[in-house]
$ cat start-v3.cif   # mmCIF, C-alpha atoms
data_model
#
loop_
_atom_site.label_atom_id
_atom_site.label_comp_id
_atom_site.auth_asym_id
_atom_site.auth_seq_id
_atom_site.Cartn_x
_atom_site.Cartn_y
_atom_site.Cartn_z
CA MET L 185 -4.63 28.30 29.15
CA LEU L 186 -4.65 24.70 30.41
CA ILE L 187 -8.44 24.54 30.24
CA ILE L 188 -8.28 25.52 26.53
CA ILE L 189 -5.70 22.80 25.96
CA LEU L 190 -7.99 20.31 27.72
CA TYR L 191 -10.95 21.20 25.50
CA PHE L 192 -8.73 20.92 22.43
CA PHE L 193 -7.49 17.54 23.68
CA ILE L 194 -11.09 16.33 24.06
CA PHE L 195 -11.78 17.46 20.49
CA ILE L 196 -8.70 15.62 19.18
CA VAL L 197 -9.71 12.43 21.01
CA ALA L 198 -13.15 12.70 19.39
CA VAL L 199 -11.51 13.07 15.96
CA GLN L 200 -9.37 10.00 16.56
CA ILE L 201 -12.34 7.93 17.70
CA LEU L 202 -14.26 9.08 14.62
CA PHE L 203 -11.45 7.87 12.38
CA TYR L 204 -11.04 4.51 14.10
CA LEU L 205 -14.68 3.61 14.70
CA GLY L 206 -16.45 5.63 12.04
CA PHE L 207 -14.01 5.12 9.18
CA PHE L 208 -11.53 2.31 9.81
CA GLY L 209 -14.19 0.17 11.45
CA LYS L 210 -15.72 -0.26 7.99
CA PHE L 211 -12.88 -2.62 7.17
CA ALA L 212 -12.05 -3.91 10.64
CA PHE L 213 -15.56 -5.25 11.27
CA ALA L 214 -16.37 -6.24 7.67
CA LYS L 215 -17.44 -9.79 6.92
CA ALA L 216 -14.87 -12.24 5.62
CA GLN L 217 -14.74 -12.55 1.85
CA LYS L 218 -15.40 -15.71 -0.11
CA ILE L 219 -13.70 -16.79 -3.30
CA THR L 220 -16.08 -17.34 -6.20
CA PRO L 221 -13.81 -18.40 -9.06
CA LYS L 222 -14.24 -16.66 -12.39
CA LYS L 223 -12.65 -17.72 -15.65
CA ILE L 224 -11.87 -14.27 -16.96
CA PRO L 225 -8.61 -13.85 -18.94
CA ILE L 226 -5.78 -12.37 -16.85
CA SER L 227 -2.43 -10.83 -17.74
CA VAL L 228 -0.05 -10.84 -14.78
CA ILE L 229 2.36 -7.94 -15.25
CA VAL L 230 5.79 -7.73 -13.62
CA CYS L 231 8.19 -4.85 -14.28
CA ALA L 232 11.82 -5.40 -13.28
CA LYS L 233 15.02 -3.39 -13.33
CA ASN L 234 18.17 -5.14 -12.10
CA GLU L 235 16.27 -7.81 -10.17
CA GLU L 236 18.08 -10.96 -11.31
CA GLU L 237 17.96 -12.74 -7.95
CA ASN L 238 14.32 -11.95 -7.21
CA VAL L 239 12.97 -12.85 -10.64
CA THR L 240 14.91 -16.13 -10.61
CA ASN L 241 13.14 -17.11 -7.39
CA PHE L 242 9.68 -15.63 -7.82
CA ILE L 243 8.64 -15.80 -11.50
CA PRO L 244 8.35 -19.63 -11.38
CA LEU L 245 5.85 -19.19 -8.51
CA LEU L 246 3.71 -17.04 -10.78
CA ALA L 247 3.96 -19.59 -13.58
CA GLU L 248 2.66 -22.30 -11.21
CA GLN L 249 -0.60 -20.46 -10.47
CA ASN L 250 -3.71 -22.63 -10.57
CA TYR L 251 -5.73 -20.61 -13.08
CA PRO L 252 -7.18 -21.64 -16.46
CA ASP L 253 -6.49 -18.57 -18.60
CA PHE L 254 -3.53 -16.31 -17.82
CA GLU L 255 -0.32 -15.00 -19.29
CA ILE L 256 2.70 -13.44 -17.59
CA VAL L 257 4.02 -10.22 -19.10
CA LEU L 258 7.63 -9.73 -18.04
CA ILE L 259 8.97 -6.21 -18.59
CA ASP L 260 12.72 -5.68 -18.49
CA ASP L 261 13.30 -1.97 -17.93
CA ALA L 262 16.78 -1.68 -19.48
CA SER L 263 18.46 -3.74 -16.77
CA SER L 264 22.24 -3.72 -16.56
CA ASP L 265 22.47 -7.11 -14.80
CA HIS L 266 21.24 -10.54 -16.01
CA THR L 267 17.52 -9.84 -15.58
CA LEU L 268 16.85 -9.77 -19.33
CA ALA L 269 18.71 -13.04 -19.94
CA ILE L 270 16.72 -14.71 -17.16
CA PHE L 271 13.47 -13.39 -18.63
CA GLU L 272 14.45 -14.76 -22.04
CA GLY L 273 14.97 -18.14 -20.41
CA PHE L 274 11.51 -17.99 -18.85
CA GLU L 275 10.02 -17.04 -22.22
CA LYS L 276 11.43 -20.26 -23.69
CA GLN L 277 10.45 -22.34 -20.65
CA TYR L 278 6.84 -21.22 -20.19
CA PRO L 279 4.49 -20.92 -23.19
CA ASN L 280 2.33 -18.26 -21.46
CA VAL L 281 5.22 -15.85 -20.81
CA ARG L 282 5.39 -12.68 -22.92
CA LEU L 283 8.58 -10.59 -22.81
CA VAL L 284 8.74 -6.83 -23.24
CA LYS L 285 12.20 -5.32 -23.66
CA VAL L 286 12.43 -1.64 -22.79
CA GLN L 287 15.30 0.39 -24.19
CA ASN L 288 16.55 3.54 -22.49
CA ASN L 289 14.60 6.52 -23.78
CA GLU L 290 15.91 10.04 -23.31
CA ALA L 291 12.42 11.45 -22.66
CA PHE L 292 11.49 8.71 -20.15
CA TRP L 293 14.90 7.73 -18.73
CA GLY L 294 14.43 5.40 -15.76
CA ASN L 295 10.68 6.01 -15.70
CA LYS L 296 8.85 2.87 -14.52
CA LYS L 297 5.53 4.25 -15.81
CA TYR L 298 6.88 4.28 -19.35
CA ALA L 299 7.99 0.66 -19.02
CA LEU L 300 4.65 -0.37 -17.53
CA THR L 301 2.78 1.40 -20.31
CA LEU L 302 4.63 -0.69 -22.90
CA GLY L 303 3.84 -3.83 -20.92
CA ILE L 304 0.14 -2.97 -20.60
CA LYS L 305 -0.11 -2.33 -24.33
CA ALA L 306 1.59 -5.67 -25.03
CA ALA L 307 -0.77 -7.61 -22.73
CA LYS L 308 -3.24 -9.75 -24.65
CA LYS L 309 -5.76 -10.31 -21.86
CA GLU L 310 -8.59 -8.00 -20.88
CA TYR L 311 -7.85 -7.93 -17.16
CA LEU L 312 -4.49 -6.96 -15.66
CA LEU L 313 -2.97 -8.12 -12.37
CA PHE L 314 0.15 -6.34 -11.13
CA THR L 315 2.88 -7.31 -8.73
CA ASP L 316 6.51 -6.28 -8.26
CA ALA L 317 9.64 -8.20 -9.13
CA ASP L 318 10.48 -8.69 -5.44
CA CYS L 319 7.02 -10.08 -4.64
CA TYR L 320 5.48 -13.54 -4.68
CA PRO L 321 1.96 -14.85 -4.03
CA THR L 322 1.02 -16.60 -0.79
CA SER L 323 -0.74 -19.43 -2.63
CA LYS L 324 -1.37 -20.95 -6.04
CA GLU L 325 -4.87 -19.44 -5.83
CA TRP L 326 -3.66 -15.82 -5.90
CA ILE L 327 -4.96 -15.08 -9.41
CA THR L 328 -8.21 -16.88 -8.61
CA ALA L 329 -8.70 -14.88 -5.40
CA MET L 330 -7.93 -11.48 -6.91
CA SER L 331 -9.94 -12.05 -10.08
CA SER L 332 -12.91 -13.37 -8.09
CA GLN L 333 -13.70 -9.81 -6.99
CA PHE L 334 -14.18 -8.51 -10.52
CA THR L 335 -17.76 -7.91 -11.62
CA MET L 336 -19.37 -6.08 -14.54
CA GLN L 337 -19.18 -2.87 -12.49
CA LYS L 338 -16.15 -3.51 -10.27
CA THR L 339 -13.16 -3.24 -12.59
CA ILE L 340 -10.46 -2.15 -10.12
CA VAL L 341 -9.45 -4.50 -7.30
CA LEU L 342 -7.24 -3.32 -4.41
CA GLY L 343 -5.19 -6.12 -2.86
CA TYR L 344 -2.87 -6.45 0.12
CA GLY L 345 0.90 -6.72 -0.17
CA LYS L 346 2.43 -8.21 2.98
CA TYR L 347 6.07 -8.11 4.05
CA GLU L 348 8.00 -11.15 5.20
CA LYS L 349 8.63 -11.56 8.92
CA VAL L 350 12.19 -11.15 10.16
CA ALA L 351 12.90 -12.73 13.53
CA ASN L 352 14.08 -10.50 16.39
CA SER L 353 13.76 -7.33 14.32
CA PHE L 354 11.87 -4.35 15.73
CA LEU L 355 12.31 -2.54 12.39
CA ASN L 356 10.47 -5.41 10.71
CA LYS L 357 7.57 -4.99 13.14
CA ILE L 358 7.48 -1.26 12.37
CA ILE L 359 7.42 -1.94 8.61
CA ARG L 360 4.67 -4.54 8.86
CA PHE L 361 2.59 -2.43 11.27
CA GLU L 362 2.85 0.61 9.00
CA THR L 363 1.83 -1.57 6.04
CA LEU L 364 -1.14 -2.88 8.04
CA LEU L 365 -2.19 0.66 9.02
CA THR L 366 -1.95 1.88 5.43
CA ALA L 367 -4.01 -1.05 4.15
CA MET L 368 -6.61 -0.53 6.88
CA GLN L 369 -6.97 3.03 5.67
CA TYR L 370 -7.26 2.44 1.93
CA PHE L 371 -9.51 -0.60 2.35
CA SER L 372 -11.80 1.36 4.68
CA TRP L 373 -12.09 4.38 2.42
CA ALA L 374 -12.74 2.09 -0.56
CA LYS L 375 -15.55 0.43 1.38
CA MET L 376 -17.01 3.88 2.09
CA GLY L 377 -17.04 4.60 -1.63
CA HIS L 378 -13.99 6.84 -1.71
CA PRO L 379 -10.97 4.78 -2.87
CA TYR L 380 -7.80 6.84 -2.91
CA MET L 381 -4.83 4.50 -3.31
CA GLY L 382 -3.61 0.97 -3.93
CA VAL L 383 -0.24 -0.78 -3.94
CA GLY L 384 1.55 -2.04 -7.04
CA ARG L 385 2.61 -5.15 -5.13
CA ASN L 386 -0.96 -6.39 -5.50
CA LEU L 387 -3.35 -4.48 -7.75
CA ALA L 388 -5.72 -5.48 -10.53
CA TYR L 389 -7.80 -3.59 -13.05
CA LYS L 390 -9.46 -3.96 -16.41
CA LYS L 391 -7.32 -2.68 -19.25
CA GLU L 392 -9.98 -0.20 -20.35
CA GLU L 393 -9.63 1.64 -17.00
CA PHE L 394 -6.04 2.40 -17.94
CA PHE L 395 -6.99 3.88 -21.30
CA ASN L 396 -10.04 5.70 -19.91
CA VAL L 397 -7.69 8.03 -18.02
CA ASN L 398 -4.99 8.07 -20.72
CA GLY L 399 -2.77 5.87 -18.65
CA PHE L 400 -0.16 7.61 -16.53
CA ILE L 401 -0.04 10.70 -18.72
CA GLU L 402 -1.31 13.16 -16.09
CA HIS L 403 1.42 12.19 -13.63
CA MET L 404 4.09 10.77 -15.97
CA LYS L 405 6.62 13.33 -14.72
CA VAL L 406 6.13 12.10 -11.14
CA ARG L 407 8.63 9.28 -10.97
CA SER L 408 6.62 7.23 -8.46
CA GLY L 409 2.91 6.56 -8.21
CA ASP L 410 2.25 4.03 -10.96
CA ASP L 411 -0.03 2.38 -8.40
CA ASP L 412 -1.44 4.91 -5.92
CA LEU L 413 -1.63 7.89 -8.28
CA PHE L 414 -3.35 5.77 -10.90
CA VAL L 415 -5.90 4.54 -8.36
CA ASN L 416 -6.32 8.07 -7.01
CA GLN L 417 -7.19 9.22 -10.51
CA ALA L 418 -9.18 6.28 -11.91
CA ALA L 419 -10.93 4.68 -8.91
CA THR L 420 -14.50 5.55 -7.97
CA ALA L 421 -17.19 4.17 -5.69
CA ARG L 422 -18.77 2.48 -8.70
CA ASN L 423 -15.75 0.75 -10.24
CA THR L 424 -13.57 -0.21 -7.24
CA THR L 425 -13.61 -3.07 -4.77
CA THR L 426 -11.17 -4.85 -2.45
CA ALA L 427 -9.67 -8.32 -2.00
CA PHE L 428 -8.47 -9.25 1.48
CA MET L 429 -8.89 -13.01 1.75
CA PRO L 430 -5.58 -14.73 2.70
CA GLU L 431 -5.26 -16.42 -0.70
CA SER L 432 -5.13 -13.00 -2.35
CA PHE L 433 -2.06 -11.74 -0.45
CA THR L 434 1.42 -11.28 -1.85
CA TYR L 435 4.68 -11.23 0.09
CA SER L 436 7.62 -8.87 -0.38
CA LYS L 437 11.09 -8.75 1.09
CA PRO L 438 11.21 -5.87 3.60
CA LYS L 439 14.01 -3.39 4.08
CA THR L 440 16.51 -4.53 6.66
CA THR L 441 18.05 -1.19 7.64
CA TYR L 442 16.35 1.90 9.00
CA LYS L 443 18.10 4.05 6.38
CA ASP L 444 16.73 2.02 3.45
CA TRP L 445 13.24 2.04 4.94
CA ILE L 446 13.34 5.83 5.38
CA ILE L 447 14.34 6.25 1.72
CA GLN L 448 11.38 4.09 0.71
CA LYS L 449 8.95 6.02 2.95
CA ARG L 450 10.22 9.34 1.61
CA ARG L 451 9.13 8.27 -1.88
CA HIS L 452 5.71 7.18 -0.65
CA ILE L 453 5.03 10.35 1.32
CA ALA L 454 6.25 12.58 -1.51
CA THR L 455 3.86 10.85 -3.91
CA ALA L 456 0.90 11.56 -1.62
CA ASN L 457 1.39 15.27 -2.35
CA TYR L 458 -0.21 14.60 -5.75
CA TYR L 459 -3.40 13.03 -4.39
CA LYS L 460 -6.76 14.74 -4.78
CA LYS L 461 -7.43 17.54 -2.29
CA PHE L 462 -9.88 15.61 -0.15
CA ASP L 463 -7.52 12.64 0.12
CA LYS L 464 -4.64 14.84 1.23
CA PHE L 465 -6.99 16.52 3.69
CA GLN L 466 -8.23 13.31 5.34
CA LEU L 467 -4.72 11.88 5.57
CA GLY L 468 -3.41 15.16 7.00
CA VAL L 469 -6.20 15.37 9.59
CA PHE L 470 -5.59 11.80 10.73
CA TYR L 471 -1.83 12.14 11.13
CA CYS L 472 -2.06 15.59 12.72
CA SER L 473 -4.63 14.32 15.19
CA GLN L 474 -2.29 11.44 16.07
CA LEU L 475 0.54 13.86 16.80
CA LEU L 476 -1.61 16.33 18.74
CA PHE L 477 -3.13 13.52 20.78
CA ILE L 478 0.32 12.56 22.06
CA LEU L 479 1.65 16.09 22.56
CA LEU L 480 -1.45 17.45 24.32
CA ALA L 481 -1.65 14.42 26.60
CA ILE L 482 1.99 14.92 27.60
CA VAL L 483 1.41 18.61 28.38
CA LEU L 484 -1.74 18.04 30.43
CA LEU L 485 -0.32 15.10 32.36
CA ALA L 486 2.95 16.96 33.00
CA PHE L 487 0.96 19.72 34.73
CA GLN L 488 -1.38 17.15 36.32
CA PHE L 489 -4.30 19.23 35.06
CA GLN L 490 -7.53 17.25 35.35
CA TRP L 491 -5.29 14.23 35.10
CA MET L 492 -8.05 11.69 35.76
CA ILE L 493 -10.09 13.00 32.81
CA VAL L 494 -7.01 13.17 30.60
CA LEU L 495 -5.83 9.70 31.54
CA GLY L 496 -9.33 8.30 31.06
CA LEU L 497 -9.65 9.78 27.58
CA PHE L 498 -6.11 8.65 26.79
CA CYS L 499 -6.98 5.05 27.70
CA VAL L 500 -10.33 5.09 25.88
CA ARG L 501 -8.70 6.24 22.66
CA TYR L 502 -5.97 3.60 22.91
CA ILE L 503 -8.43 0.81 23.67
CA ILE L 504 -10.66 1.72 20.72
CA ALA L 505 -7.71 2.07 18.35
CA TRP L 506 -6.20 -1.20 19.57
CA ILE L 507 -9.48 -3.07 19.01
CA VAL L 508 -9.96 -1.69 15.49
CA ILE L 509 -6.35 -2.33 14.51
CA GLY L 510 -6.56 -5.77 16.11
CA PHE L 511 -9.56 -6.82 14.02
CA SER L 512 -7.85 -5.44 10.90
CA ALA L 513 -4.66 -7.33 11.78
CA GLY L 514 -6.70 -10.51 12.14
CA LYS L 515 -8.07 -10.13 8.61
CA LEU L 516 -4.62 -9.43 7.18
CA LYS L 517 -2.79 -12.05 9.26
CA GLU L 518 -0.57 -9.53 11.07
CA LYS L 519 -1.66 -10.16 14.67
CA ASP L 520 1.83 -10.35 16.14
CA VAL L 521 2.57 -6.65 15.45
CA ILE L 522 -0.40 -5.25 17.39
CA TYR L 523 1.22 -6.10 20.74
CA TRP L 524 3.80 -3.43 19.98
CA TYR L 525 1.18 -0.88 18.92
CA PRO L 526 1.80 2.01 21.38
CA ALA L 527 5.57 1.97 20.86
CA ILE L 528 5.36 1.57 17.08
CA GLU L 529 2.81 4.37 16.79
CA LEU L 530 5.19 6.78 18.52
CA VAL L 531 8.03 5.78 16.20
CA LEU L 532 5.85 6.23 13.12
CA ILE L 533 4.49 9.62 14.19
CA PHE L 534 7.91 11.16 14.71
CA THR L 535 9.38 9.37 11.69
CA GLN L 536 6.71 10.97 9.50
CA ILE L 537 7.55 14.41 10.91
CA ASN L 538 11.22 13.82 10.13
CA ILE L 539 10.40 12.68 6.58
CA PHE L 540 8.11 15.65 5.96
CA ILE L 541 10.86 18.07 7.01
CA THR L 542 13.50 16.22 4.97
CA ASN L 543 11.31 16.08 1.85
CA THR L 544 10.70 19.83 2.16
CA PHE L 545 14.38 20.51 1.54
CA SER L 546 15.38 17.65 -0.78
CA LYS L 547 13.71 15.33 -3.26
CA PRO L 548 13.66 11.57 -2.61
CA VAL L 549 15.29 9.09 -4.99
CA HIS L 550 12.91 7.03 -7.16
CA TRP L 551 13.02 4.08 -9.64
CA LYS L 552 16.45 2.52 -9.95
#

$ encode --input "start-v3.cif" --output "structure tokens"
Amino acid sequence: MLIIILYFFIFIVAVQILFYLGFFGKFAFAKAQKITPKKIPISVIVCAKNEEENVTNFIPLLAEQNYPDFEIVLIDDASSDHTLAIFEGFEKQYPNVRLVKVQNNEAFWGNKKYALTLGIKAAKKEYLLFTDADCYPTSKEWITAMSSQFTMQKTIVLGYGKYEKVANSFLNKIIRFETLLTAMQYFSWAKMGHPYMGVGRNLAYKKEEFFNVNGFIEHMKVRSGDDDLFVNQAATARNTTTAFMPESFTYSKPKTTYKDWIIQKRRHIATANYYKKFDKFQLGVFYCSQLLFILLAIVLLAFQFQWMIVLGLFCVRYIIAWIVIGFSAGKLKEKDVIYWYPAIELVLIFTQINIFITNTFSKPVHWK
């Protein structure tokens, strides 16, 4: 029995190495990107619901972007706080701000996709750049950096949404490592010609791509997924590219309690159930191989069965993964989290199992 487990362990190690070197290495070892400014018209779209504090702080940073031709489309999704009043103030203050007021609609109650659809239709520019109300750009060149990756063929640009660092917080390291790992995956698959997701914190596409797939209509009843489900549906090898130069990053405020982070991750994992079959398959294989790698190694080492071979393979896999993640972290300016890699990986693996079981028996909560 142990010899069968050993052979299976060797197979799992090979699968993991294939993912890290064969797939994720496409991003990890990619050349640095350069910014070649383009003067294409951009509509920056921000949808907010009860975000009065965040929009007060972050919308002025968008208005200060160093870009020749852009507007800011502010969407108030029937907020019950002072978000709308603050947006109205910005509309008077900045000539390039366009305000969209969304009223509660019985058919689309609390549906962010409905609000975004109204904002997209109201946008006057040909190219759309999305971020969230709790996000802000890392530089005044954010629009320039993201738009620089558009070409005649490349009309969807996947960006990176970072999370702020919180001192002396292991949860913050977990959140930022998981964000790094996710970005490494979707950037790598996009580079291989199979884009499968993006993040609404930092995503750009030409308006015609939205209408080519009839907007969010195919997944309108799925409360989340205005970003990743849209990309999963609309993105192809021909029309999709990436932006990962530092000037293109956005920052978001991370969750500060484990409970809030779990709620957020439950939404993300539940949304992945609606991905295309191949995308669900590759994600499932990767995460299952992570889990089996740990479990099989524990069993074999506990029985000290061919322990030198097992330990050698264990170390080889970790070294390869650490190198690939390290290079990816360097590109995305997240180097400090890789020192915690082995511990964080264990936390993430068993957290995902817990979320999968929980989501099986109850639905996660979505847009506010």

$ residues_near_point --input "start-v3.cif" --point "(-1.1, -1.2, -22.6)" --cutoff "12 Å" --atoms "only C-alpha atoms" --output "PyMOL selection string"
chain L and resi 227+229+257+259+284+297-312+389-396+398-400

$ residues_around --input "start-v3.cif" --residues "range 428-439 of chain L" --least-positions-apart "3" --cutoff "10 Å" --atoms "all atoms listed in the file" --output "MDAnalysis selection string"
chainID L and resid 211 216:219 238 315:333 342:350 355:356 359:360 367 371 385:386 442:448 515:517

$ residues_around --input "start-v3.cif" --residues "range 504-507 of chain L" --least-positions-apart "2" --cutoff "12 Å" --atoms "all atoms listed in the file" --output "PyMOL selection string"
chain L and resi 197-209+212-213+365+368+474+497-502+509-514+519+521-526+529

$ atom_distance --input "start-v3.cif" --atom1 "CA of Asn288 in chain L" --atom2 "CA of Ser263 in chain L"
9.5 Å

$ residues_around --input "start-v3.cif" --residues "Glu275 in chain L" --least-positions-apart "5" --cutoff "10 Å" --atoms "all atoms listed in the file" --output "PyMOL selection string"
chain L and resi 256-258+269-270+280-283

$ closest_residue --input "start-v3.cif" --among "L:Val239, L:Arg450, L:Ser372, L:Lys405" --to "Phe545 in chain L" --atoms "all atoms listed in the file"
L:Arg450

$ closest_residue --input "start-v3.cif" --among "L:Asn250, L:Thr363, L:Thr240, L:Gln287" --to "Gly273 in chain L" --atoms "only C-alpha atoms"
L:Thr240

$ decode --input "start-v3.cif" --residues "range 354-363 of chain L" --atoms "all heavy atoms" --output "PDB file, in the first residue's frame"
ATOM      1  N   PHE L 354      -0.447  38.894  10.702  1.00  0.00           N
ATOM      2  CA  PHE L 354      -0.252  37.688   9.903  1.00  0.00           C
ATOM      3  C   PHE L 354      -1.410  37.513   8.929  1.00  0.00           C
ATOM      4  O   PHE L 354      -1.210  37.043   7.791  1.00  0.00           O
ATOM      5  CB  PHE L 354      -0.138  36.457  10.814  1.00  0.00           C
ATOM      6  CG  PHE L 354       0.211  35.191  10.068  1.00  0.00           C
ATOM      7  CD1 PHE L 354       1.404  35.077   9.378  1.00  0.00           C
ATOM      8  CD2 PHE L 354      -0.673  34.123  10.038  1.00  0.00           C
ATOM      9  CE1 PHE L 354       1.739  33.919   8.689  1.00  0.00           C
ATOM     10  CE2 PHE L 354      -0.370  32.959   9.351  1.00  0.00           C
ATOM     11  CZ  PHE L 354       0.846  32.860   8.674  1.00  0.00           C
ATOM     12  N   LEU L 355      -2.621  37.928   9.322  1.00  0.00           N
ATOM     13  CA  LEU L 355      -3.763  37.870   8.420  1.00  0.00           C
ATOM     14  C   LEU L 355      -3.492  38.708   7.176  1.00  0.00           C
ATOM     15  O   LEU L 355      -3.813  38.293   6.056  1.00  0.00           O
ATOM     16  CB  LEU L 355      -5.027  38.374   9.120  1.00  0.00           C
ATOM     17  CG  LEU L 355      -6.265  38.524   8.224  1.00  0.00           C
ATOM     18  CD1 LEU L 355      -6.677  37.185   7.625  1.00  0.00           C
ATOM     19  CD2 LEU L 355      -7.425  39.151   9.000  1.00  0.00           C
ATOM     20  N   ASN L 356      -2.893  39.881   7.361  1.00  0.00           N
ATOM     21  CA  ASN L 356      -2.586  40.734   6.219  1.00  0.00           C
ATOM     22  C   ASN L 356      -1.609  40.051   5.264  1.00  0.00           C
ATOM     23  O   ASN L 356      -1.743  40.158   4.042  1.00  0.00           O
ATOM     24  CB  ASN L 356      -1.998  42.060   6.708  1.00  0.00           C
ATOM     25  CG  ASN L 356      -1.672  43.005   5.561  1.00  0.00           C
ATOM     26  OD1 ASN L 356      -0.508  43.206   5.222  1.00  0.00           O
ATOM     27  ND2 ASN L 356      -2.697  43.581   4.964  1.00  0.00           N
ATOM     28  N   LYS L 357      -0.648  39.321   5.805  1.00  0.00           N
ATOM     29  CA  LYS L 357       0.293  38.584   4.950  1.00  0.00           C
ATOM     30  C   LYS L 357      -0.422  37.476   4.189  1.00  0.00           C
ATOM     31  O   LYS L 357      -0.131  37.220   3.020  1.00  0.00           O
ATOM     32  CB  LYS L 357       1.432  38.014   5.795  1.00  0.00           C
ATOM     33  CG  LYS L 357       2.393  39.066   6.345  1.00  0.00           C
ATOM     34  CD  LYS L 357       3.499  38.424   7.169  1.00  0.00           C
ATOM     35  CE  LYS L 357       4.542  39.464   7.583  1.00  0.00           C
ATOM     36  NZ  LYS L 357       3.986  40.524   8.431  1.00  0.00           N
ATOM     37  N   ILE L 358      -1.376  36.820   4.845  1.00  0.00           N
ATOM     38  CA  ILE L 358      -2.162  35.782   4.177  1.00  0.00           C
ATOM     39  C   ILE L 358      -2.955  36.385   3.021  1.00  0.00           C
ATOM     40  O   ILE L 358      -2.957  35.855   1.907  1.00  0.00           O
ATOM     41  CB  ILE L 358      -3.134  35.104   5.164  1.00  0.00           C
ATOM     42  CG1 ILE L 358      -2.356  34.325   6.225  1.00  0.00           C
ATOM     43  CG2 ILE L 358      -4.092  34.172   4.428  1.00  0.00           C
ATOM     44  CD1 ILE L 358      -3.237  33.757   7.329  1.00  0.00           C
ATOM     45  N   ILE L 359      -3.620  37.514   3.267  1.00  0.00           N
ATOM     46  CA  ILE L 359      -4.435  38.163   2.253  1.00  0.00           C
ATOM     47  C   ILE L 359      -3.574  38.578   1.063  1.00  0.00           C
ATOM     48  O   ILE L 359      -3.934  38.332  -0.103  1.00  0.00           O
ATOM     49  CB  ILE L 359      -5.164  39.386   2.845  1.00  0.00           C
ATOM     50  CG1 ILE L 359      -6.224  38.929   3.858  1.00  0.00           C
ATOM     51  CG2 ILE L 359      -5.800  40.241   1.743  1.00  0.00           C
ATOM     52  CD1 ILE L 359      -6.862  40.060   4.628  1.00  0.00           C
ATOM     53  N   ARG L 360      -2.435  39.188   1.339  1.00  0.00           N
ATOM     54  CA  ARG L 360      -1.594  39.674   0.245  1.00  0.00           C
ATOM     55  C   ARG L 360      -0.921  38.517  -0.494  1.00  0.00           C
ATOM     56  O   ARG L 360      -0.742  38.575  -1.719  1.00  0.00           O
ATOM     57  CB  ARG L 360      -0.562  40.656   0.768  1.00  0.00           C
ATOM     58  CG  ARG L 360      -1.191  41.984   1.207  1.00  0.00           C
ATOM     59  CD  ARG L 360      -0.178  43.076   1.479  1.00  0.00           C
ATOM     60  NE  ARG L 360       0.663  42.762   2.614  1.00  0.00           N
ATOM     61  CZ  ARG L 360       1.974  42.568   2.555  1.00  0.00           C
ATOM     62  NH1 ARG L 360       2.602  42.654   1.386  1.00  0.00           N
ATOM     63  NH2 ARG L 360       2.672  42.302   3.630  1.00  0.00           N
ATOM     64  N   PHE L 361      -0.578  37.446   0.212  1.00  0.00           N
ATOM     65  CA  PHE L 361      -0.007  36.283  -0.471  1.00  0.00           C
ATOM     66  C   PHE L 361      -1.053  35.626  -1.367  1.00  0.00           C
ATOM     67  O   PHE L 361      -0.764  35.249  -2.514  1.00  0.00           O
ATOM     68  CB  PHE L 361       0.512  35.270   0.546  1.00  0.00           C
ATOM     69  CG  PHE L 361       1.120  34.051  -0.105  1.00  0.00           C
ATOM     70  CD1 PHE L 361       2.465  34.025  -0.442  1.00  0.00           C
ATOM     71  CD2 PHE L 361       0.345  32.941  -0.398  1.00  0.00           C
ATOM     72  CE1 PHE L 361       3.019  32.913  -1.062  1.00  0.00           C
ATOM     73  CE2 PHE L 361       0.888  31.821  -1.015  1.00  0.00           C
ATOM     74  CZ  PHE L 361       2.230  31.811  -1.342  1.00  0.00           C
ATOM     75  N   GLU L 362      -2.267  35.475  -0.876  1.00  0.00           N
ATOM     76  CA  GLU L 362      -3.327  34.859  -1.668  1.00  0.00           C
ATOM     77  C   GLU L 362      -3.643  35.712  -2.899  1.00  0.00           C
ATOM     78  O   GLU L 362      -3.901  35.176  -3.997  1.00  0.00           O
ATOM     79  CB  GLU L 362      -4.579  34.696  -0.792  1.00  0.00           C
ATOM     80  CG  GLU L 362      -5.652  33.798  -1.394  1.00  0.00           C
ATOM     81  CD  GLU L 362      -6.660  34.564  -2.218  1.00  0.00           C
ATOM     82  OE1 GLU L 362      -6.757  35.796  -2.033  1.00  0.00           O
ATOM     83  OE2 GLU L 362      -7.343  33.929  -3.042  1.00  0.00           O
ATOM     84  N   THR L 363      -3.590  37.035  -2.748  1.00  0.00           N
ATOM     85  CA  THR L 363      -3.801  37.934  -3.875  1.00  0.00           C
ATOM     86  C   THR L 363      -2.678  37.793  -4.896  1.00  0.00           C
ATOM     87  O   THR L 363      -2.924  37.782  -6.116  1.00  0.00           O
ATOM     88  CB  THR L 363      -3.884  39.389  -3.383  1.00  0.00           C
ATOM     89  OG1 THR L 363      -4.917  39.492  -2.398  1.00  0.00           O
ATOM     90  CG2 THR L 363      -4.186  40.347  -4.521  1.00  0.00           C
TER      91      THR L 363
END
